[in-house]
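Text of input09.cif, listed as mmCIF, C-alpha atoms:
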```cif
data_run
#
loop_
_atom_site.group_PDB
_atom_site.id
_atom_site.type_symbol
_atom_site.label_atom_id
_atom_site.label_comp_id
_atom_site.auth_asym_id
_atom_site.auth_seq_id
_atom_site.Cartn_x
_atom_site.Cartn_y
_atom_site.Cartn_z
ATOM 1 C CA MET V 670 27.646 -64.687 -263.426
ATOM 2 C CA PRO V 671 29.076 -67.795 -261.732
ATOM 3 C CA TYR V 672 32.447 -67.002 -263.359
ATOM 4 C CA GLN V 673 33.004 -64.240 -260.878
ATOM 5 C CA TYR V 674 32.797 -66.628 -257.959
ATOM 6 C CA ILE V 675 35.119 -69.123 -259.613
ATOM 7 C CA ALA V 676 37.619 -66.317 -260.181
ATOM 8 C CA GLU V 677 37.305 -65.256 -256.559
ATOM 9 C CA ALA V 678 37.842 -68.812 -255.343
ATOM 10 C CA LEU V 679 40.940 -69.100 -257.508
ATOM 11 C CA PHE V 680 42.207 -65.856 -255.999
ATOM 12 C CA TYR V 681 41.918 -67.420 -252.561
ATOM 13 C CA VAL V 682 43.851 -70.446 -253.817
ATOM 14 C CA PHE V 683 46.712 -68.176 -254.896
ATOM 15 C CA VAL V 684 46.683 -66.331 -251.576
ATOM 16 C CA LEU V 685 46.879 -69.656 -249.754
ATOM 17 C CA LEU V 686 49.763 -70.706 -251.999
ATOM 18 C CA VAL V 687 51.637 -67.546 -251.083
ATOM 19 C CA MET V 688 50.994 -67.917 -247.372
ATOM 20 C CA PHE V 689 51.881 -71.559 -246.997
ATOM 21 C CA GLY V 690 54.769 -71.378 -249.405
ATOM 22 C CA SER V 691 56.422 -68.554 -247.510
ATOM 23 C CA LEU V 692 55.868 -70.326 -244.195
ATOM 24 C CA LEU V 693 57.532 -73.427 -245.613
ATOM 25 C CA ALA V 694 60.385 -71.324 -246.978
ATOM 26 C CA VAL V 695 61.303 -69.866 -243.606
ATOM 27 C CA ARG V 696 60.570 -72.744 -241.295
ATOM 28 C CA ALA V 697 62.047 -75.682 -243.138
ATOM 29 C CA ARG V 698 64.937 -77.526 -241.596
ATOM 30 C CA VAL V 699 66.340 -78.722 -244.896
ATOM 31 C CA LEU V 700 67.533 -75.999 -247.252
ATOM 32 C CA MET V 701 66.073 -77.697 -250.310
ATOM 33 C CA HIS V 702 62.610 -77.513 -248.741
ATOM 34 C CA SER V 703 63.104 -73.772 -248.344
ATOM 35 C CA VAL V 704 63.770 -73.405 -252.046
ATOM 36 C CA LEU V 705 60.661 -75.448 -252.744
ATOM 37 C CA GLY V 706 58.635 -73.165 -250.523
ATOM 38 C CA LEU V 707 60.076 -70.157 -252.306
ATOM 39 C CA ALA V 708 59.077 -71.607 -255.696
ATOM 40 C CA VAL V 709 55.502 -72.201 -254.483
ATOM 41 C CA THR V 710 55.339 -68.654 -253.101
ATOM 42 C CA LEU V 711 56.575 -67.182 -256.362
ATOM 43 C CA LEU V 712 53.969 -69.129 -258.319
ATOM 44 C CA GLY V 713 51.313 -67.768 -256.002
ATOM 45 C CA VAL V 714 52.598 -64.239 -256.483
ATOM 46 C CA ALA V 715 52.498 -64.801 -260.240
ATOM 47 C CA GLY V 716 48.803 -65.609 -259.914
ATOM 48 C CA ILE V 717 48.313 -62.458 -257.833
ATOM 49 C CA TYR V 718 49.949 -60.416 -260.583
ATOM 50 C CA PHE V 719 47.364 -61.812 -262.981
ATOM 51 C CA TYR V 720 44.579 -60.480 -260.788
ATOM 52 C CA LEU V 721 46.361 -57.135 -260.687
ATOM 53 C CA GLY V 722 45.910 -56.738 -264.396
ATOM 54 C CA SER V 723 49.158 -57.763 -266.045
ATOM 55 C CA MET V 724 49.497 -61.052 -267.877
ATOM 56 C CA PHE V 725 52.993 -60.134 -268.992
ATOM 57 C CA LEU V 726 54.211 -59.850 -265.432
ATOM 58 C CA THR V 727 52.708 -63.219 -264.574
ATOM 59 C CA LEU V 728 54.761 -64.779 -267.319
ATOM 60 C CA MET V 729 57.893 -62.870 -266.403
ATOM 61 C CA GLN V 730 57.528 -63.812 -262.754
ATOM 62 C CA VAL V 731 57.373 -67.504 -263.590
ATOM 63 C CA LEU V 732 60.168 -67.225 -266.119
ATOM 64 C CA ILE V 733 62.624 -65.146 -264.114
ATOM 65 C CA TYR V 734 61.937 -66.096 -260.539
ATOM 66 C CA VAL V 735 60.878 -69.714 -260.679
ATOM 67 C CA GLY V 736 62.737 -70.558 -263.864
ATOM 68 C CA ALA V 737 66.049 -68.823 -263.259
ATOM 69 C CA ILE V 738 66.496 -67.688 -259.675
ATOM 70 C CA CYS V 739 65.279 -70.887 -258.029
ATOM 71 C CA VAL V 740 67.516 -72.948 -260.311
ATOM 72 C CA VAL V 741 70.481 -70.756 -259.409
ATOM 73 C CA LEU V 742 69.626 -71.200 -255.732
ATOM 74 C CA VAL V 743 69.561 -74.970 -256.167
ATOM 75 C CA PHE V 744 73.012 -74.793 -257.761
ATOM 76 C CA GLY V 745 74.202 -72.692 -254.854
ATOM 77 C CA ILE V 746 72.919 -75.268 -252.403
ATOM 78 C CA MET V 747 74.575 -78.050 -254.374
ATOM 79 C CA VAL V 748 77.927 -76.302 -254.212
ATOM 80 C CA GLY V 749 78.032 -75.192 -250.605
ATOM 81 C CA TYR V 750 76.149 -77.962 -248.905
ATOM 82 C CA THR V 751 77.505 -79.650 -245.842
ATOM 83 C CA PRO V 752 75.344 -82.038 -243.812
ATOM 84 C CA GLU V 753 75.680 -80.122 -240.580
ATOM 85 C CA GLU V 754 74.009 -77.071 -242.128
ATOM 86 C CA GLU V 755 70.768 -79.005 -242.126
ATOM 87 C CA ALA V 756 69.963 -79.331 -238.491
ATOM 88 C CA ARG V 757 71.127 -76.001 -237.159
ATOM 89 C CA ARG V 758 68.631 -73.229 -236.966
ATOM 90 C CA GLY V 759 69.080 -69.847 -235.386
ATOM 91 C CA VAL V 760 72.185 -68.248 -234.048
ATOM 92 C CA LYS V 761 71.717 -68.421 -230.307
ATOM 93 C CA GLY V 762 68.516 -70.404 -230.055
ATOM 94 C CA ARG V 763 65.868 -68.760 -227.888
ATOM 95 C CA PRO V 764 66.849 -65.051 -228.123
ATOM 96 C CA ASN V 765 67.064 -65.311 -231.890
ATOM 97 C CA LEU V 766 63.538 -66.696 -232.105
ATOM 98 C CA LEU V 767 62.267 -63.928 -229.844
ATOM 99 C CA LEU V 768 64.009 -61.220 -231.847
ATOM 100 C CA SER V 769 62.735 -62.503 -235.161
ATOM 101 C CA LEU V 770 59.161 -62.776 -233.892
ATOM 102 C CA ILE V 771 59.320 -59.276 -232.426
ATOM 103 C CA ALA V 772 60.715 -57.865 -235.661
ATOM 104 C CA SER V 773 58.202 -59.466 -237.973
ATOM 105 C CA PHE V 774 55.125 -58.968 -235.797
ATOM 106 C CA SER V 775 55.903 -55.380 -234.935
ATOM 107 C CA GLY V 776 56.733 -54.494 -238.513
ATOM 108 C CA PHE V 777 53.584 -56.121 -239.790
ATOM 109 C CA GLY V 778 51.380 -54.621 -237.084
ATOM 110 C CA LEU V 779 52.687 -51.081 -237.396
ATOM 111 C CA LEU V 780 52.432 -51.036 -241.155
ATOM 112 C CA VAL V 781 48.924 -52.541 -241.144
ATOM 113 C CA LEU V 782 47.929 -49.836 -238.668
ATOM 114 C CA VAL V 783 49.330 -47.102 -240.881
ATOM 115 C CA MET V 784 47.654 -48.636 -243.904
ATOM 116 C CA GLY V 785 44.312 -48.801 -242.171
ATOM 117 C CA ARG V 786 44.402 -45.186 -241.112
ATOM 118 C CA THR V 787 45.473 -43.782 -244.447
ATOM 119 C CA VAL V 788 42.718 -42.458 -246.640
ATOM 120 C CA TRP V 789 43.665 -43.662 -250.069
ATOM 121 C CA GLU V 790 42.261 -41.607 -252.921
ATOM 122 C CA PRO V 791 39.109 -43.116 -254.329
ATOM 123 C CA PHE V 792 39.918 -46.325 -256.147
ATOM 124 C CA THR V 793 39.655 -45.944 -259.878
ATOM 125 C CA PRO V 794 38.561 -49.361 -261.063
ATOM 126 C CA LYS V 795 40.862 -50.639 -263.791
ATOM 127 C CA THR V 796 40.853 -47.723 -266.170
ATOM 128 C CA GLY V 797 43.870 -47.146 -268.311
ATOM 129 C CA ASN V 798 45.734 -49.229 -270.763
ATOM 130 C CA PHE V 799 46.991 -52.465 -269.246
ATOM 131 C CA SER V 800 47.958 -53.999 -272.535
ATOM 132 C CA LEU V 801 51.363 -55.296 -273.500
ATOM 133 C CA GLU V 802 51.689 -52.916 -276.465
ATOM 134 C CA TYR V 803 51.312 -49.939 -274.208
ATOM 135 C CA LEU V 804 53.870 -51.300 -271.769
ATOM 136 C CA GLY V 805 56.376 -52.042 -274.521
ATOM 137 C CA GLU V 806 55.928 -48.640 -276.095
ATOM 138 C CA ASN V 807 56.424 -46.902 -272.769
ATOM 139 C CA LEU V 808 59.409 -49.042 -271.907
ATOM 140 C CA LEU V 809 61.196 -47.967 -275.050
ATOM 141 C CA TYR V 810 60.105 -44.342 -275.284
ATOM 142 C CA LYS V 811 59.239 -42.848 -271.962
ATOM 143 C CA TYR V 812 61.001 -45.178 -269.481
ATOM 144 C CA CYS V 813 63.984 -46.121 -271.607
ATOM 145 C CA LEU V 814 66.331 -44.980 -268.833
ATOM 146 C CA ALA V 815 65.080 -47.765 -266.570
ATOM 147 C CA PHE V 816 65.520 -50.207 -269.425
ATOM 148 C CA GLU V 817 69.111 -49.190 -270.066
ATOM 149 C CA LEU V 818 69.965 -49.047 -266.376
ATOM 150 C CA ILE V 819 68.726 -52.564 -265.738
ATOM 151 C CA SER V 820 70.790 -53.867 -268.621
ATOM 152 C CA VAL V 821 73.883 -52.171 -267.193
ATOM 153 C CA VAL V 822 73.140 -53.645 -263.768
ATOM 154 C CA LEU V 823 72.766 -57.119 -265.232
ATOM 155 C CA LEU V 824 75.994 -56.761 -267.179
ATOM 156 C CA ILE V 825 77.894 -55.749 -264.051
ATOM 157 C CA ALA V 826 76.335 -58.631 -262.126
ATOM 158 C CA ILE V 827 77.404 -61.112 -264.797
ATOM 159 C CA ILE V 828 80.969 -59.794 -264.844
ATOM 160 C CA GLY V 829 81.117 -59.748 -261.063
ATOM 161 C CA SER V 830 79.859 -63.273 -260.639
ATOM 162 C CA ILE V 831 82.289 -64.596 -263.239
ATOM 163 C CA ILE V 832 85.180 -62.920 -261.432
ATOM 164 C CA LEU V 833 84.001 -64.165 -258.055
ATOM 165 C CA ALA V 834 83.394 -67.722 -259.112
ATOM 166 C CA ARG V 835 86.594 -68.031 -261.075
ATOM 167 C CA GLY V 836 88.744 -67.791 -258.003
ATOM 168 C CA THR V 837 92.336 -66.693 -257.993
ATOM 169 C CA ARG V 838 94.763 -68.589 -260.088
ATOM 170 C CA LYS V 839 98.165 -69.457 -258.808
ATOM 171 C CA GLU V 840 100.092 -67.039 -261.050
ATOM 172 C CA ASP V 841 97.807 -64.186 -259.966
ATOM 173 C CA ASP V 842 98.579 -65.034 -256.349
ATOM 174 C CA GLU V 843 102.312 -65.095 -257.027
ATOM 175 C CA LYS V 844 102.290 -61.797 -258.848
ATOM 176 C CA ALA V 845 100.242 -60.152 -256.146
ATOM 177 C CA TYR V 846 102.473 -61.499 -253.396
ATOM 178 C CA PHE V 847 105.664 -60.272 -254.942
ATOM 179 C CA MET V 848 104.142 -56.868 -255.529
ATOM 180 C CA GLY V 849 103.395 -56.473 -251.869
ATOM 181 C CA ALA V 850 99.737 -57.348 -251.538
ATOM 182 C CA THR V 851 98.511 -59.282 -248.528
ATOM 183 C CA VAL V 852 97.836 -62.690 -249.967
ATOM 184 C CA PRO V 853 99.188 -65.917 -248.476
ATOM 185 C CA ARG V 854 102.615 -66.838 -249.724
ATOM 186 C CA PRO V 855 102.246 -69.106 -252.708
ATOM 187 C CA MET V 856 103.767 -72.521 -252.208
ATOM 188 C CA ARG V 857 106.049 -74.113 -254.711
ATOM 189 C CA LYS V 858 105.037 -77.329 -256.326
ATOM 190 C CA GLY V 859 106.269 -80.307 -254.347
ATOM 191 C CA GLY V 860 108.241 -78.205 -251.876
ATOM 192 C CA LYS V 861 107.720 -77.284 -248.260
ATOM 193 C CA GLY V 862 105.691 -74.190 -247.188
ATOM 194 C CA GLN V 863 106.977 -71.349 -245.106
ATOM 195 C CA MET F 960 32.270 -56.951 -251.971
ATOM 196 C CA MET F 961 34.866 -59.099 -253.633
ATOM 197 C CA LEU F 962 38.194 -59.385 -251.869
ATOM 198 C CA SER F 963 40.234 -59.298 -255.051
ATOM 199 C CA ASP F 964 38.820 -55.880 -255.946
ATOM 200 C CA ASN F 965 39.952 -54.278 -252.722
ATOM 201 C CA LEU F 966 43.264 -52.468 -252.373
ATOM 202 C CA HIS F 967 43.711 -53.482 -248.740
ATOM 203 C CA THR F 968 43.867 -57.187 -249.571
ATOM 204 C CA TYR F 969 46.934 -56.775 -251.714
ATOM 205 C CA LEU F 970 48.627 -54.431 -249.262
ATOM 206 C CA ILE F 971 48.128 -56.879 -246.418
ATOM 207 C CA LEU F 972 49.487 -59.657 -248.613
ATOM 208 C CA ALA F 973 52.592 -57.603 -249.362
ATOM 209 C CA LEU F 974 53.082 -56.841 -245.662
ATOM 210 C CA PHE F 975 52.683 -60.516 -244.868
ATOM 211 C CA LEU F 976 55.462 -61.353 -247.307
ATOM 212 C CA LEU F 977 57.626 -58.660 -245.746
ATOM 213 C CA ALA F 978 57.041 -59.997 -242.227
ATOM 214 C CA ILE F 979 57.715 -63.616 -243.186
ATOM 215 C CA GLY F 980 60.823 -62.598 -245.106
ATOM 216 C CA LEU F 981 62.104 -60.635 -242.134
ATOM 217 C CA TYR F 982 61.509 -63.587 -239.834
ATOM 218 C CA GLY F 983 63.379 -65.888 -242.173
ATOM 219 C CA LEU F 984 66.229 -63.425 -242.642
ATOM 220 C CA ILE F 985 66.934 -63.444 -238.927
ATOM 221 C CA ARG F 986 66.377 -67.158 -238.398
ATOM 222 C CA HIS F 987 68.237 -68.780 -241.248
ATOM 223 C CA ARG F 988 71.742 -69.926 -240.630
ATOM 224 C CA SER F 989 73.198 -70.111 -244.112
ATOM 225 C CA PHE F 990 73.686 -67.502 -246.831
ATOM 226 C CA ILE F 991 71.306 -69.248 -249.200
ATOM 227 C CA GLY F 992 68.572 -69.213 -246.566
ATOM 228 C CA MET F 993 69.045 -65.488 -246.065
ATOM 229 C CA LEU F 994 68.901 -65.003 -249.819
ATOM 230 C CA ILE F 995 65.601 -66.908 -249.962
ATOM 231 C CA SER F 996 64.138 -64.583 -247.331
ATOM 232 C CA THR F 997 65.406 -61.552 -249.231
ATOM 233 C CA GLU F 998 63.619 -62.798 -252.338
ATOM 234 C CA LEU F 999 60.407 -63.017 -250.322
ATOM 235 C CA ILE F 1000 60.789 -59.410 -249.184
ATOM 236 C CA LEU F 1001 61.460 -58.244 -252.735
ATOM 237 C CA ASN F 1002 58.359 -60.015 -253.948
ATOM 238 C CA GLY F 1003 56.352 -58.295 -251.256
ATOM 239 C CA ALA F 1004 57.578 -54.964 -252.560
ATOM 240 C CA GLY F 1005 56.635 -56.002 -256.094
ATOM 241 C CA VAL F 1006 53.099 -56.933 -255.068
ATOM 242 C CA ASN F 1007 52.838 -53.564 -253.347
ATOM 243 C CA PHE F 1008 53.876 -51.682 -256.478
ATOM 244 C CA MET F 1009 51.513 -53.675 -258.657
ATOM 245 C CA ALA F 1010 48.607 -53.097 -256.273
ATOM 246 C CA PHE F 1011 49.093 -49.352 -256.409
ATOM 247 C CA ASN F 1012 49.536 -49.641 -260.136
ATOM 248 C CA ARG F 1013 46.137 -51.185 -260.590
ATOM 249 C CA PHE F 1014 44.131 -49.138 -258.140
ATOM 250 C CA LEU F 1015 45.612 -45.689 -257.849
ATOM 251 C CA ALA F 1016 48.012 -45.026 -260.686
ATOM 252 C CA PRO F 1017 46.981 -42.788 -263.569
ATOM 253 C CA ASP F 1018 49.419 -44.492 -265.916
ATOM 254 C CA PRO F 1019 49.376 -48.278 -265.560
ATOM 255 C CA ALA F 1020 52.704 -48.834 -267.283
ATOM 256 C CA VAL F 1021 54.744 -47.330 -264.435
ATOM 257 C CA GLY F 1022 54.083 -50.012 -261.850
ATOM 258 C CA GLN F 1023 54.827 -52.771 -264.314
ATOM 259 C CA VAL F 1024 58.135 -51.178 -265.292
ATOM 260 C CA ILE F 1025 59.096 -50.830 -261.642
ATOM 261 C CA THR F 1026 58.188 -54.447 -260.937
ATOM 262 C CA LEU F 1027 60.240 -55.633 -263.900
ATOM 263 C CA PHE F 1028 63.112 -53.571 -262.540
ATOM 264 C CA ILE F 1029 62.750 -55.249 -259.149
ATOM 265 C CA MET F 1030 62.802 -58.660 -260.825
ATOM 266 C CA GLY F 1031 65.987 -57.801 -262.681
ATOM 267 C CA ILE F 1032 67.670 -56.541 -259.520
ATOM 268 C CA ALA F 1033 66.670 -59.670 -257.631
ATOM 269 C CA ALA F 1034 68.098 -61.872 -260.366
ATOM 270 C CA ALA F 1035 71.391 -59.975 -260.367
ATOM 271 C CA GLU F 1036 71.611 -60.175 -256.598
ATOM 272 C CA ALA F 1037 70.910 -63.904 -256.555
ATOM 273 C CA ALA F 1038 73.642 -64.510 -259.115
ATOM 274 C CA ILE F 1039 76.171 -62.476 -257.144
ATOM 275 C CA VAL F 1040 75.357 -64.125 -253.831
ATOM 276 C CA VAL F 1041 75.532 -67.640 -255.247
ATOM 277 C CA SER F 1042 78.884 -66.990 -256.871
ATOM 278 C CA TYR F 1043 80.053 -65.479 -253.592
ATOM 279 C CA VAL F 1044 78.999 -68.662 -251.774
ATOM 280 C CA LEU F 1045 80.913 -70.656 -254.374
ATOM 281 C CA ALA F 1046 84.064 -68.583 -253.888
ATOM 282 C CA VAL F 1047 83.822 -68.678 -250.095
ATOM 283 C CA TYR F 1048 83.245 -72.408 -250.037
ATOM 284 C CA HIS F 1049 86.126 -72.985 -252.402
ATOM 285 C CA ARG F 1050 88.431 -71.080 -250.123
ATOM 286 C CA HIS F 1051 87.263 -71.869 -246.628
ATOM 287 C CA HIS F 1052 85.155 -75.031 -246.966
ATOM 288 C CA THR F 1053 82.317 -73.716 -244.841
ATOM 289 C CA ILE F 1054 79.332 -71.506 -245.538
ATOM 290 C CA ASP F 1055 78.593 -70.551 -241.967
ATOM 291 C CA PRO F 1056 78.015 -66.788 -241.831
ATOM 292 C CA GLU F 1057 79.138 -66.749 -238.212
ATOM 293 C CA GLU F 1058 82.654 -67.605 -239.331
ATOM 294 C CA MET F 1059 82.712 -64.937 -242.008
ATOM 295 C CA ASP F 1060 82.692 -61.905 -239.821
ATOM 296 C CA GLU F 1061 85.785 -60.132 -241.049
ATOM 297 C CA MET F 1062 86.664 -58.902 -244.505
ATOM 298 C CA ARG F 1063 90.024 -60.586 -244.641
ATOM 299 C CA HIS F 1064 89.545 -63.940 -243.041
#
```
Would you mind writing the file out in structure tokens?
Amino acid sequence: MPYQYIAEALFYVFVLLVMFGSLLAVRARVLMHSVLGLAVTLLGVAGIYFYLGSMFLTLMQVLIYVGAICVVLVFGIMVGYTPEEEARRGVKGRPNLLLSLIASFSGFGLLVLVMGRTVWEPFTPKTGNFSLEYLGENLLYKYCLAFELISVVLLIAIIGSIILARGTRKEDDEKAYFMGATVPRPMRKGGKGQ
Amino acid sequence: MMLSDNLHTYLILALFLLAIGLYGLIRHRSFIGMLISTELILNGAGVNFMAFNRFLAPDPAVGQVITLFIMGIAAAEAAIVVSYVLAVYHRHHTIDPEEMDEMRH
């Protein structure tokens, strides 16, 4: 019976990870510290998913969020980083802080109020098939539309990010200019501009 | 009365993530910071779905499928936003969202 208390204590550890990680993510002055806070938060959420019955989602959370998205964010910071981005926080200073506090506190308070007053149906304690076989079978038979849709979305995102990151090449700019599109006039090599 | 067996714990956790993400979305100055806050909000939604999946759902595969869907969408969005930041920085040499307020800059 002591295992239950150890499990409960570990649950509190994950909740603390989520709380402090998210606070670090939004209050850090350096952008890299925000990404670190996000990684800690996502690890905490992965632990929470374990307590919610799904080991597969724990693994996928670590793999996708911490392993892929945080790395992509670090690359994004590496590309677009200028030193003056570090120290600036907030758009107008004091009104921005007030607005953000009002938004988050009021949203949180209202939704907690609604949640407290709602009578949820009686909790059914962990019945049903939480196994990976059941999830895989459902994903391919009953919920195959979601499966196919997410693959289409990912394909479009890949194509879009390749097009965006490639940038326009000079011959594309020239062709577009002479066909009447509004792009800046391409300059000749070694010559003067307009 | 264990806290990890109660539905309200997980709902409050999800709302906390939403509130912190909203705070960060308004406060951050750069696109990447706003993206980080958006990821926090999406994770809050995922925790919410998984909580209802465990406690109230008759079929426990639905919540997991939805959460996997949310993860895929978040990954696609992060990729698009980072490549957008790359393209914008390549063209304008700043990533200040205050400067980027028109479609053709």
Evaluated on this file, the PyMOL selection byres ((chain F and resi 974-987) around 7) picks out some residues - which ones are they, written as a PDB file with C-alpha atoms, in the coordinates of the input?
```pdb
ATOM      1  CA  SER V 691      56.422 -68.554-247.510  1.00  0.00           C
ATOM      2  CA  VAL V 695      61.303 -69.866-243.606  1.00  0.00           C
ATOM      3  CA  ARG V 758      68.631 -73.229-236.966  1.00  0.00           C
ATOM      4  CA  GLY V 759      69.080 -69.847-235.386  1.00  0.00           C
ATOM      5  CA  ASN V 765      67.064 -65.311-231.890  1.00  0.00           C
ATOM      6  CA  LEU V 766      63.538 -66.696-232.105  1.00  0.00           C
ATOM      7  CA  SER V 769      62.735 -62.503-235.161  1.00  0.00           C
ATOM      8  CA  LEU V 770      59.161 -62.776-233.892  1.00  0.00           C
ATOM      9  CA  SER V 773      58.202 -59.466-237.973  1.00  0.00           C
ATOM     10  CA  PHE V 774      55.125 -58.968-235.797  1.00  0.00           C
ATOM     11  CA  GLY V 776      56.733 -54.494-238.513  1.00  0.00           C
ATOM     12  CA  PHE V 777      53.584 -56.121-239.790  1.00  0.00           C
TER      13      PHE V 777
ATOM     14  CA  LEU F 970      48.627 -54.431-249.262  1.00  0.00           C
ATOM     15  CA  ILE F 971      48.128 -56.879-246.418  1.00  0.00           C
ATOM     16  CA  LEU F 972      49.487 -59.657-248.613  1.00  0.00           C
ATOM     17  CA  ALA F 973      52.592 -57.603-249.362  1.00  0.00           C
ATOM     18  CA  ARG F 988      71.742 -69.926-240.630  1.00  0.00           C
ATOM     19  CA  SER F 989      73.198 -70.111-244.112  1.00  0.00           C
ATOM     20  CA  GLY F 992      68.572 -69.213-246.566  1.00  0.00           C
ATOM     21  CA  MET F 993      69.045 -65.488-246.065  1.00  0.00           C
ATOM     22  CA  SER F 996      64.138 -64.583-247.331  1.00  0.00           C
ATOM     23  CA  THR F 997      65.406 -61.552-249.231  1.00  0.00           C
ATOM     24  CA  LEU F 999      60.407 -63.017-250.322  1.00  0.00           C
ATOM     25  CA  ILE F1000      60.789 -59.410-249.184  1.00  0.00           C
ATOM     26  CA  GLY F1003      56.352 -58.295-251.256  1.00  0.00           C
TER      27      GLY F1003
END
```
Write out as a list in words which residues come within 9 Å of V:Val714 when counting only C-alpha atoms, dropping same-chain ones fewer than 2 positions away.
->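 Listing them by chain and then by number gives Phe683, Val684, Leu686, Val687, Val709, Thr710, Leu711, Leu712, Gly716, Ile717, Tyr718, Phe719, Thr727 and Gln730 of chain V; Asn1002, Gly1003 and Val1006 of chain F.
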Using only C-alpha atoms, please write the residues we just selected to a file, as a PDB file, in the frame of the given file.
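Final output, again_2.pdb:
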```pdb
ATOM      1  CA  PHE V 683      46.712 -68.176-254.896  1.00  0.00           C
ATOM      2  CA  VAL V 684      46.683 -66.331-251.576  1.00  0.00           C
ATOM      3  CA  LEU V 686      49.763 -70.706-251.999  1.00  0.00           C
ATOM      4  CA  VAL V 687      51.637 -67.546-251.083  1.00  0.00           C
ATOM      5  CA  VAL V 709      55.502 -72.201-254.483  1.00  0.00           C
ATOM      6  CA  THR V 710      55.339 -68.654-253.101  1.00  0.00           C
ATOM      7  CA  LEU V 711      56.575 -67.182-256.362  1.00  0.00           C
ATOM      8  CA  LEU V 712      53.969 -69.129-258.319  1.00  0.00           C
ATOM      9  CA  GLY V 716      48.803 -65.609-259.914  1.00  0.00           C
ATOM     10  CA  ILE V 717      48.313 -62.458-257.833  1.00  0.00           C
ATOM     11  CA  TYR V 718      49.949 -60.416-260.583  1.00  0.00           C
ATOM     12  CA  PHE V 719      47.364 -61.812-262.981  1.00  0.00           C
ATOM     13  CA  THR V 727      52.708 -63.219-264.574  1.00  0.00           C
ATOM     14  CA  GLN V 730      57.528 -63.812-262.754  1.00  0.00           C
TER      15      GLN V 730
ATOM     16  CA  ASN F1002      58.359 -60.015-253.948  1.00  0.00           C
ATOM     17  CA  GLY F1003      56.352 -58.295-251.256  1.00  0.00           C
ATOM     18  CA  VAL F1006      53.099 -56.933-255.068  1.00  0.00           C
TER      19      VAL F1006
END
```
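Distance annotation: of V:Gly745, V:Gly778, V:Pro671, V:Gly713, the residue with the minimal separation from chain F is V:Gly745; atom set is only C-alpha atoms.
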So what does the PyMOL selection byres ((chain V and resi 789) around 12) actually pick up in this one, as a VMD selection string?
-> (chain V and resid 783 to 788 790 to 793) or (chain F and resid 965 to 967 970 1011 1014 to 1016)
Selection result for the PyMOL selection byres ((chain F and resi 1020-1030) around 6) on this file, as JSON, numbers by chain = {"V": [804], "F": [1005, 1008, 1009, 1012, 1018, 1019, 1031, 1032, 1033]}
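When only C-alpha atoms are used to compute distances to V:Ala826, the closest of the residues F:His1049, F:Ile1039, F:Pro1017, F:Ala1004 turns out to be F:Ile1039.
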Go ahead and compute the interatomic distance for atom CA of V:Leu779 and atom CA of V:Tyr720, in Å to one decimal.
->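 One can read the atom CA of V:Leu779 to atom CA of V:Tyr720 distance as 26.5 Å.
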Expressed in Å, the length from atom CA of F:Leu962 to atom CA of V:Leu780 is 19.7 Å
May I have the protein, DNA and RNA residues with any atom at most 12 Å from the point (82.6, -67.2, -259.6), counting all atoms listed in the file, written as a list of chain:residue names?
-> V:Gly745, V:Val748, V:Ala826, V:Ile827, V:Ile828, V:Gly829, V:Ser830, V:Ile831, V:Ile832, V:Leu833, V:Ala834, V:Arg835, V:Gly836, V:Thr837, F:Ala1038, F:Ile1039, F:Val1040, F:Val1041, F:Ser1042, F:Tyr1043, F:Val1044, F:Leu1045, F:Ala1046, F:Val1047, F:Tyr1048, F:His1049, F:Arg1050
For chain F, the nearest of the candidates V:Leu705, V:Ile746, V:Val682, V:Ile675, counting only C-alpha atoms =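 Answer, going by the shortest atom-to-atom distance: V:Ile746.
Residue nearest chain V within the list F:Leu1001, F:Asn1007, F:Leu994, F:Ala1035: F:Ala1035 [criterion: smallest interatomic distance, only C-alpha atoms].
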Could you check how far atom CA of V:Leu693 sits from atom CA of V:Leu707, in Å to one decimal?
->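 Atom-to-atom, atom CA of V:Leu693 and atom CA of V:Leu707 are spaced 7.9 Å apart.
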For chain F, the nearest of the candidates V:Leu767, V:Leu721, V:Ala676, V:Ala708, counting only C-alpha atoms |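 The answer is V:Leu721, which sits nearest to chain F.
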